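File shown: entry-v8.cif. Contents: mmCIF, C-alpha atoms.
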data_run
loop_
_atom_site.group_PDB
_atom_site.id
_atom_site.type_symbol
_atom_site.label_atom_id
_atom_site.label_comp_id
_atom_site.auth_asym_id
_atom_site.auth_seq_id
_atom_site.Cartn_x
_atom_site.Cartn_y
_atom_site.Cartn_z
ATOM 1 C CA PRO G 1 22.384 -33.432 156.399
ATOM 2 C CA LEU G 2 19.690 -30.862 157.125
ATOM 3 C CA GLN G 3 18.001 -31.439 153.784
ATOM 4 C CA ALA G 4 18.113 -35.219 154.234
ATOM 5 C CA ALA G 5 16.696 -35.014 157.756
ATOM 6 C CA TYR G 6 13.953 -32.583 156.735
ATOM 7 C CA THR G 7 12.827 -34.204 153.479
ATOM 8 C CA ILE G 8 12.842 -37.919 154.335
ATOM 9 C CA GLY G 9 13.211 -37.965 158.098
ATOM 10 C CA CYS G 10 16.467 -39.877 158.282
ATOM 11 C CA ALA G 11 19.049 -39.346 160.984
ATOM 12 C CA ALA G 12 21.739 -37.014 159.681
ATOM 13 C CA ARG G 13 25.100 -35.667 160.797
ATOM 14 C CA GLY G 14 27.335 -33.037 159.299
ATOM 15 C CA ILE G 15 30.403 -30.939 159.956
ATOM 16 C CA GLU G 16 30.947 -27.393 158.702
ATOM 17 C CA ILE G 17 34.184 -25.432 158.846
ATOM 18 C CA SER G 18 32.690 -22.047 157.968
ATOM 19 C CA GLY G 19 31.365 -20.139 160.959
ATOM 20 C CA GLU G 20 28.860 -18.238 158.825
ATOM 21 C CA ARG G 21 27.425 -21.342 157.168
ATOM 22 C CA HIS G 22 27.237 -23.109 160.531
ATOM 23 C CA TYR G 23 25.392 -20.103 161.999
ATOM 24 C CA TRP G 24 22.760 -20.191 159.263
ATOM 25 C CA ALA G 25 22.418 -23.958 159.556
ATOM 26 C CA GLU G 26 21.551 -23.559 163.236
ATOM 27 C CA LYS G 27 19.121 -20.754 162.405
ATOM 28 C CA PHE G 28 17.503 -23.045 159.821
ATOM 29 C CA ILE G 29 17.088 -25.784 162.436
ATOM 30 C CA LEU G 30 15.527 -23.381 164.946
ATOM 31 C CA GLY G 31 13.152 -22.048 162.295
ATOM 32 C CA LEU G 32 11.933 -25.531 161.394
ATOM 33 C CA GLU G 33 11.564 -26.549 165.030
ATOM 34 C CA LYS G 34 9.378 -23.488 165.649
ATOM 35 C CA LYS G 35 7.134 -24.794 162.875
ATOM 36 C CA GLY G 36 6.857 -28.142 164.643
ATOM 37 C CA VAL G 37 9.422 -30.062 162.592
ATOM 38 C CA ASP G 38 11.300 -32.582 164.734
ATOM 39 C CA LEU G 39 15.002 -32.400 163.911
ATOM 40 C CA SER G 40 16.263 -34.084 167.064
ATOM 41 C CA HIS G 41 17.751 -36.766 164.807
ATOM 42 C CA CYS G 42 19.902 -34.161 163.030
ATOM 43 C CA GLU G 43 23.301 -33.085 164.307
ATOM 44 C CA ILE G 44 25.622 -30.507 162.807
ATOM 45 C CA ILE G 45 28.853 -29.342 164.369
ATOM 46 C CA ARG G 46 31.402 -26.715 163.471
ATOM 47 C CA GLY G 47 34.961 -27.868 163.028
ATOM 48 C CA ARG G 48 37.555 -29.481 160.793
ATOM 49 C CA MET G 49 36.971 -33.062 159.736
ATOM 50 C CA GLU G 50 40.681 -33.889 159.972
ATOM 51 C CA VAL G 51 40.764 -33.204 163.718
ATOM 52 C CA PRO G 52 40.953 -36.582 165.554
ATOM 53 C CA LYS G 53 38.272 -35.672 168.120
ATOM 54 C CA HIS G 54 35.636 -35.590 165.333
ATOM 55 C CA ARG G 55 36.359 -39.085 163.978
ATOM 56 C CA HIS G 56 33.832 -40.853 166.240
ATOM 57 C CA PHE G 57 31.121 -38.403 165.146
ATOM 58 C CA LEU G 58 31.918 -38.710 161.428
ATOM 59 C CA THR G 59 32.317 -42.488 161.207
ATOM 60 C CA GLY G 60 29.004 -43.647 162.624
ATOM 61 C CA ASP G 61 30.195 -43.915 166.215
ATOM 62 C CA SER G 62 33.559 -45.346 165.152
ATOM 63 C CA GLY G 63 32.121 -47.878 162.738
ATOM 64 C CA LYS G 64 29.285 -49.172 164.938
ATOM 65 C CA ARG G 65 26.553 -48.008 162.541
ATOM 66 C CA VAL G 66 26.143 -48.285 158.775
ATOM 67 C CA VAL G 67 26.097 -44.786 157.314
ATOM 68 C CA LYS G 68 25.523 -43.049 153.998
ATOM 69 C CA ALA G 69 27.906 -40.140 153.520
ATOM 70 C CA LEU G 70 28.302 -37.371 150.939
ATOM 71 C CA CYS G 71 31.494 -35.402 150.386
ATOM 72 C CA ASN G 72 31.387 -32.398 148.064
ATOM 73 C CA ASN G 73 35.018 -32.448 146.885
ATOM 74 C CA PHE G 74 34.082 -31.267 143.386
ATOM 75 C CA ASN G 75 36.872 -30.303 140.986
ATOM 76 C CA GLU G 76 39.634 -31.494 143.339
ATOM 77 C CA ASN G 77 38.690 -28.852 145.911
ATOM 78 C CA PHE G 78 39.911 -31.220 148.643
ATOM 79 C CA GLY G 79 43.079 -32.129 146.747
ATOM 80 C CA GLU G 80 46.553 -30.718 146.281
ATOM 81 C CA LYS G 81 45.386 -27.260 145.229
ATOM 82 C CA ALA G 82 43.696 -26.765 148.616
ATOM 83 C CA LYS G 83 46.624 -28.111 150.601
ATOM 84 C CA LYS G 84 48.612 -25.689 152.742
ATOM 85 C CA LEU G 85 52.399 -25.831 152.827
ATOM 86 C CA THR G 86 52.247 -27.006 156.438
ATOM 87 C CA ASP G 87 49.730 -29.806 155.729
ATOM 88 C CA GLN G 88 51.006 -33.359 155.563
ATOM 89 C CA TYR G 89 47.911 -34.736 153.851
ATOM 90 C CA THR G 90 45.171 -33.428 151.594
ATOM 91 C CA LEU G 91 41.548 -33.315 152.716
ATOM 92 C CA ASP G 92 40.797 -36.043 150.157
ATOM 93 C CA GLN G 93 43.287 -38.261 151.972
ATOM 94 C CA TYR G 94 41.553 -37.576 155.276
ATOM 95 C CA VAL G 95 38.194 -38.461 153.704
ATOM 96 C CA ALA G 96 39.692 -41.714 152.409
ATOM 97 C CA GLY G 97 40.990 -42.438 155.885
ATOM 98 C CA LEU G 98 37.624 -41.760 157.499
ATOM 99 C CA PHE G 99 35.954 -44.040 154.953
ATOM 100 C CA SER G 100 38.218 -46.916 155.994
ATOM 101 C CA CYS G 101 36.800 -46.596 159.535
ATOM 102 C CA LEU G 102 33.163 -47.011 158.442
ATOM 103 C CA ALA G 103 31.159 -50.168 159.067
ATOM 104 C CA ALA G 104 30.730 -52.705 156.262
ATOM 105 C CA GLY G 105 27.770 -51.752 154.093
ATOM 106 C CA SER G 106 28.360 -48.024 154.506
ATOM 107 C CA LYS G 107 28.456 -45.873 151.388
ATOM 108 C CA LEU G 108 30.372 -42.706 150.564
ATOM 109 C CA VAL G 109 29.503 -40.597 147.517
ATOM 110 C CA THR G 110 32.082 -38.084 146.311
ATOM 111 C CA LEU G 111 32.275 -35.701 143.361
ATOM 112 C CA TYR G 112 35.962 -36.411 142.765
ATOM 113 C CA PRO G 113 37.897 -39.696 143.078
ATOM 114 C CA LEU G 114 39.701 -40.343 146.346
ATOM 115 C CA PRO G 115 43.366 -41.386 146.698
ATOM 116 C CA MET G 116 42.723 -44.873 148.079
ATOM 117 C CA TYR G 117 45.441 -47.076 149.568
ATOM 118 C CA THR G 118 44.502 -50.150 147.578
ATOM 119 C CA PRO G 119 42.465 -50.846 144.400
ATOM 120 C CA PRO G 120 38.739 -51.631 144.725
ATOM 121 C CA PHE G 121 37.604 -55.196 145.339
ATOM 122 C CA ASP G 122 37.295 -56.470 141.760
ATOM 123 C CA ASP G 123 40.503 -54.818 140.548
ATOM 124 C CA SER G 124 42.444 -56.091 143.560
ATOM 125 C CA ASN G 125 41.288 -59.664 142.944
ATOM 126 C CA LYS G 126 42.260 -59.450 139.282
ATOM 127 C CA LYS G 127 45.692 -58.191 140.246
ATOM 128 C CA GLY G 128 46.095 -61.038 142.707
ATOM 129 C CA GLU G 129 45.017 -63.627 140.139
ATOM 130 C CA ARG G 130 47.671 -62.352 137.743
ATOM 131 C CA GLY G 131 50.197 -63.006 140.512
ATOM 132 C CA GLY G 132 48.957 -66.549 141.069
ATOM 133 C CA LEU G 133 46.655 -65.880 144.048
ATOM 134 C CA LEU G 134 43.129 -67.243 144.363
ATOM 135 C CA SER G 135 40.128 -64.919 144.458
ATOM 136 C CA ASP G 136 39.816 -63.613 148.006
ATOM 137 C CA ASN G 137 36.772 -62.176 149.792
ATOM 138 C CA SER G 138 39.126 -59.865 151.686
ATOM 139 C CA ALA G 139 40.890 -58.637 148.561
ATOM 140 C CA SER G 140 39.916 -55.056 149.401
ATOM 141 C CA TYR G 141 37.838 -53.103 151.872
ATOM 142 C CA TYR G 142 35.666 -51.319 149.292
ATOM 143 C CA THR G 143 33.975 -51.441 145.917
ATOM 144 C CA LEU G 144 33.776 -48.483 143.538
ATOM 145 C CA LYS G 145 31.084 -47.510 141.074
ATOM 146 C CA LYS G 146 31.158 -44.424 138.869
ATOM 147 C CA GLU G 147 28.029 -42.776 137.486
ATOM 148 C CA VAL G 148 27.197 -39.617 135.515
ATOM 149 C CA LEU G 149 24.242 -37.674 136.890
ATOM 150 C CA GLY G 150 23.863 -35.415 133.877
ATOM 151 C CA LYS G 151 25.164 -32.096 132.605
ATOM 152 C CA GLN G 152 26.806 -29.961 135.279
ATOM 153 C CA ASN G 153 24.735 -26.873 134.501
ATOM 154 C CA GLU G 154 21.582 -28.939 135.039
ATOM 155 C CA CYS G 155 22.666 -30.767 138.210
ATOM 156 C CA VAL G 156 24.368 -28.369 140.599
ATOM 157 C CA SER G 157 23.608 -24.783 141.558
ATOM 158 C CA TRP G 158 27.200 -23.574 141.210
ATOM 159 C CA SER G 159 27.148 -24.410 137.481
ATOM 160 C CA GLU G 160 23.754 -22.904 136.672
ATOM 161 C CA GLY G 161 23.886 -20.379 133.869
ATOM 162 C CA ASN G 162 27.519 -20.962 132.940
ATOM 163 C CA GLY G 163 26.736 -23.274 130.045
ATOM 164 C CA CYS G 164 29.001 -26.093 131.273
ATOM 165 C CA GLN G 165 27.630 -29.256 129.725
ATOM 166 C CA ASN G 166 30.327 -31.614 130.938
ATOM 167 C CA GLY G 167 28.951 -34.673 132.678
ATOM 168 C CA LEU G 168 28.814 -34.476 136.467
ATOM 169 C CA GLU G 169 30.505 -37.639 137.701
ATOM 170 C CA ILE G 170 29.903 -39.155 141.102
ATOM 171 C CA PHE G 171 31.989 -41.873 142.733
ATOM 172 C CA ILE G 172 30.189 -44.367 144.960
ATOM 173 C CA TYR G 173 32.400 -46.154 147.464
ATOM 174 C CA THR G 174 30.905 -49.054 149.412
ATOM 175 C CA ARG G 175 32.675 -50.451 152.456
ATOM 176 C CA VAL G 176 32.871 -54.246 152.258
ATOM 177 C CA GLY G 177 34.400 -57.057 154.281
ATOM 178 C CA GLY G 178 35.592 -57.034 157.840
ATOM 179 C CA PRO G 179 38.306 -55.081 159.599
ATOM 180 C CA TYR G 180 41.081 -56.655 157.500
ATOM 181 C CA PHE G 181 41.978 -56.711 153.820
ATOM 182 C CA SER G 182 44.687 -58.457 151.836
ATOM 183 C CA CYS G 183 47.900 -56.594 151.120
ATOM 184 C CA PRO G 184 47.716 -55.199 147.547
ATOM 185 C CA CYS G 185 50.885 -57.047 146.551
ATOM 186 C CA SER G 186 50.846 -59.725 143.867
ATOM 187 C CA THR G 187 53.209 -62.018 145.782
ATOM 188 C CA THR G 188 51.602 -62.155 149.219
ATOM 189 C CA SER G 189 48.241 -62.681 150.880
ATOM 190 C CA THR G 190 49.165 -60.937 154.133
ATOM 191 C CA SER G 191 46.163 -59.271 155.764
ATOM 192 C CA LEU G 192 46.265 -55.695 157.007
ATOM 193 C CA PRO G 193 43.802 -53.884 159.305
ATOM 194 C CA ALA G 194 41.763 -51.394 157.281
ATOM 195 C CA SER G 195 41.616 -49.007 160.222
ATOM 196 C CA GLU G 196 45.394 -48.629 160.126
ATOM 197 C CA ILE G 197 45.310 -46.837 156.787
ATOM 198 C CA THR G 198 43.417 -43.876 158.161
ATOM 199 C CA PHE G 199 45.495 -40.714 158.271
ATOM 200 C CA ILE G 200 44.175 -39.568 161.638
ATOM 201 C CA THR G 201 44.992 -42.505 163.917
#

As structure tokens, please, write out the structure in this file.
Amino acid sequence: PLQAAYTIGCAARGIEISGERHYWAEKFILGLEKKGVDLSHCEIIRGRMEVPKHRHFLTGDSGKRVVKALCNNFNENFGEKAKKLTDQYTLDQYVAGLFSCLAAGSKLVTLYPLPMYTPPFDDSNKKGERGGLLSDNSASYYTLKKEVLGKQNECVSWSEGNGCQNGLEIFIYTRVGGPYFSCPCSTTSTSLPASEITFIT
């Protein structure tokens, strides 16, 4: 968020679990402000994103604002391998839940696919059509687009110099529709509230 706020002047928010990284982020802000850079539109807090009290902050004031979000969950770092024995859900599941609370038009870019509750819009409609249902504008609460940015060792600092030439994939989730979406079942058109799928309600 700091880079976005500094380079193009957009409002930015972020959460950091590491005390050391959060300390240096605050030092960076103070250094820029001393140089006359206005970062009043930038907010960064220290904490865990899965804690319920942070949901309002992370979801654009609980879905009142359209947001653009980035989650660095590269190489399943937010998945099962990072899950503690006492955890009920993975961090990827929490991210998916937070995404469901965003306003329509919001975008979330991740570096690893999320475990979503229902298929994306086009896939959900196709599944419904195979079950005899008509195409539905509330077939899902998101669309998904996958892109390859380039070779990993040319795109991200943590792969520099290691010779990894695998493509760096990004997954672009766009929140669509209203607060409800159709049940992903081929024999029903029952609507469910998207906010109910979040793992932190």

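Between atom CA of G:Cys42 and atom CA of G:Ala25 there is a distance of 11.1 Å.
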
* To do: Name the residues that the PyMOL selection byres ((chain G and resi 121) around 9) picks from the file above, as a PyMOL selection string, using the file's chain letters and numbers.
  => chain G and resi 118-120+122-126+137-144+176

* Structure fact -> From atom CA of G:Val148 to atom CA of G:Lys127 the spacing works out at 26.6 Å

* Nearest-residue call for G:Leu70, choices G:Leu111, G:Val37, G:Ala11, G:Leu32, using only C-alpha atoms -> G:Leu111

* To do: Given the file shown, enumerate the residues that the PyMOL selection byres ((chain G and resi 53-64) around 6) captures and present them as a ChimeraX atom specification.
  => /G:51-52,65,101-103

* Interatomic distance (Å, one decimal) between atom CA of G:Glu26 and atom CA of G:Gly9 ->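 One can read the atom CA of G:Glu26 to atom CA of G:Gly9 distance as 17.4 Å.
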
* To do: Using the chain letters and residue numbers of this document, give as a PyMOL selection string the residues selected by the PyMOL selection byres ((chain G and resi 67) around 6).
  => chain G and resi 66+68+106

* Nearest residue to G:Ile17 from the set G:Gly177, G:Gly97, G:Gly36, G:Arg46 (distances using all atoms listed in the file) ->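 Once distances to G:Ile17 are computed over all atoms listed in the file, the minimum belongs to G:Arg46.
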
Grab all the atoms of stretch 103-118 of chain G that the file lists, wrap them in a box along x, y and z, add 6 Å per side, and give me centre plus edge lengths in Å (one decimal) as lines of an AutoDock Vina configuration file.
center_x = 36.6
center_y = -44.2
center_z = 150.9
size_x = 29.7
size_y = 29.0
size_z = 28.3

* Hey, what's within 8 Å of G:Gln93 if we count all atoms listed in the file and toss same-chain stuff fewer than 3 positions away? As JSON, numbers by chain, please? -> {"G": [89, 90, 96, 97, 114, 115, 116, 199]}

Mind listing whatever residues come within 9 Å of the point (27.3, -43.9, 137.3)? Use all atoms listed in the file, file coordinates, and give them as an mmCIF file with C-alpha atoms, in the frame of the given file.
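That gives us part14.cif:
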data_model
loop_
_atom_site.group_PDB
_atom_site.id
_atom_site.type_symbol
_atom_site.label_atom_id
_atom_site.label_comp_id
_atom_site.auth_asym_id
_atom_site.auth_seq_id
_atom_site.Cartn_x
_atom_site.Cartn_y
_atom_site.Cartn_z
ATOM 1 C CA LYS G 145 31.084 -47.510 141.074
ATOM 2 C CA LYS G 146 31.158 -44.424 138.869
ATOM 3 C CA GLU G 147 28.029 -42.776 137.486
ATOM 4 C CA VAL G 148 27.197 -39.617 135.515
ATOM 5 C CA LEU G 149 24.242 -37.674 136.890
ATOM 6 C CA GLU G 169 30.505 -37.639 137.701
ATOM 7 C CA ILE G 170 29.903 -39.155 141.102
ATOM 8 C CA PHE G 171 31.989 -41.873 142.733
ATOM 9 C CA ILE G 172 30.189 -44.367 144.960
#

* To do: Determine the nearest neighbour of G:Phe78 from the options G:His22, G:Ala104, G:Thr110, G:Gly47, counting only C-alpha atoms.
  =>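 Of G:His22, G:Ala104, G:Thr110, G:Gly47, the one nearest G:Phe78, counting only C-alpha atoms, is G:Thr110.
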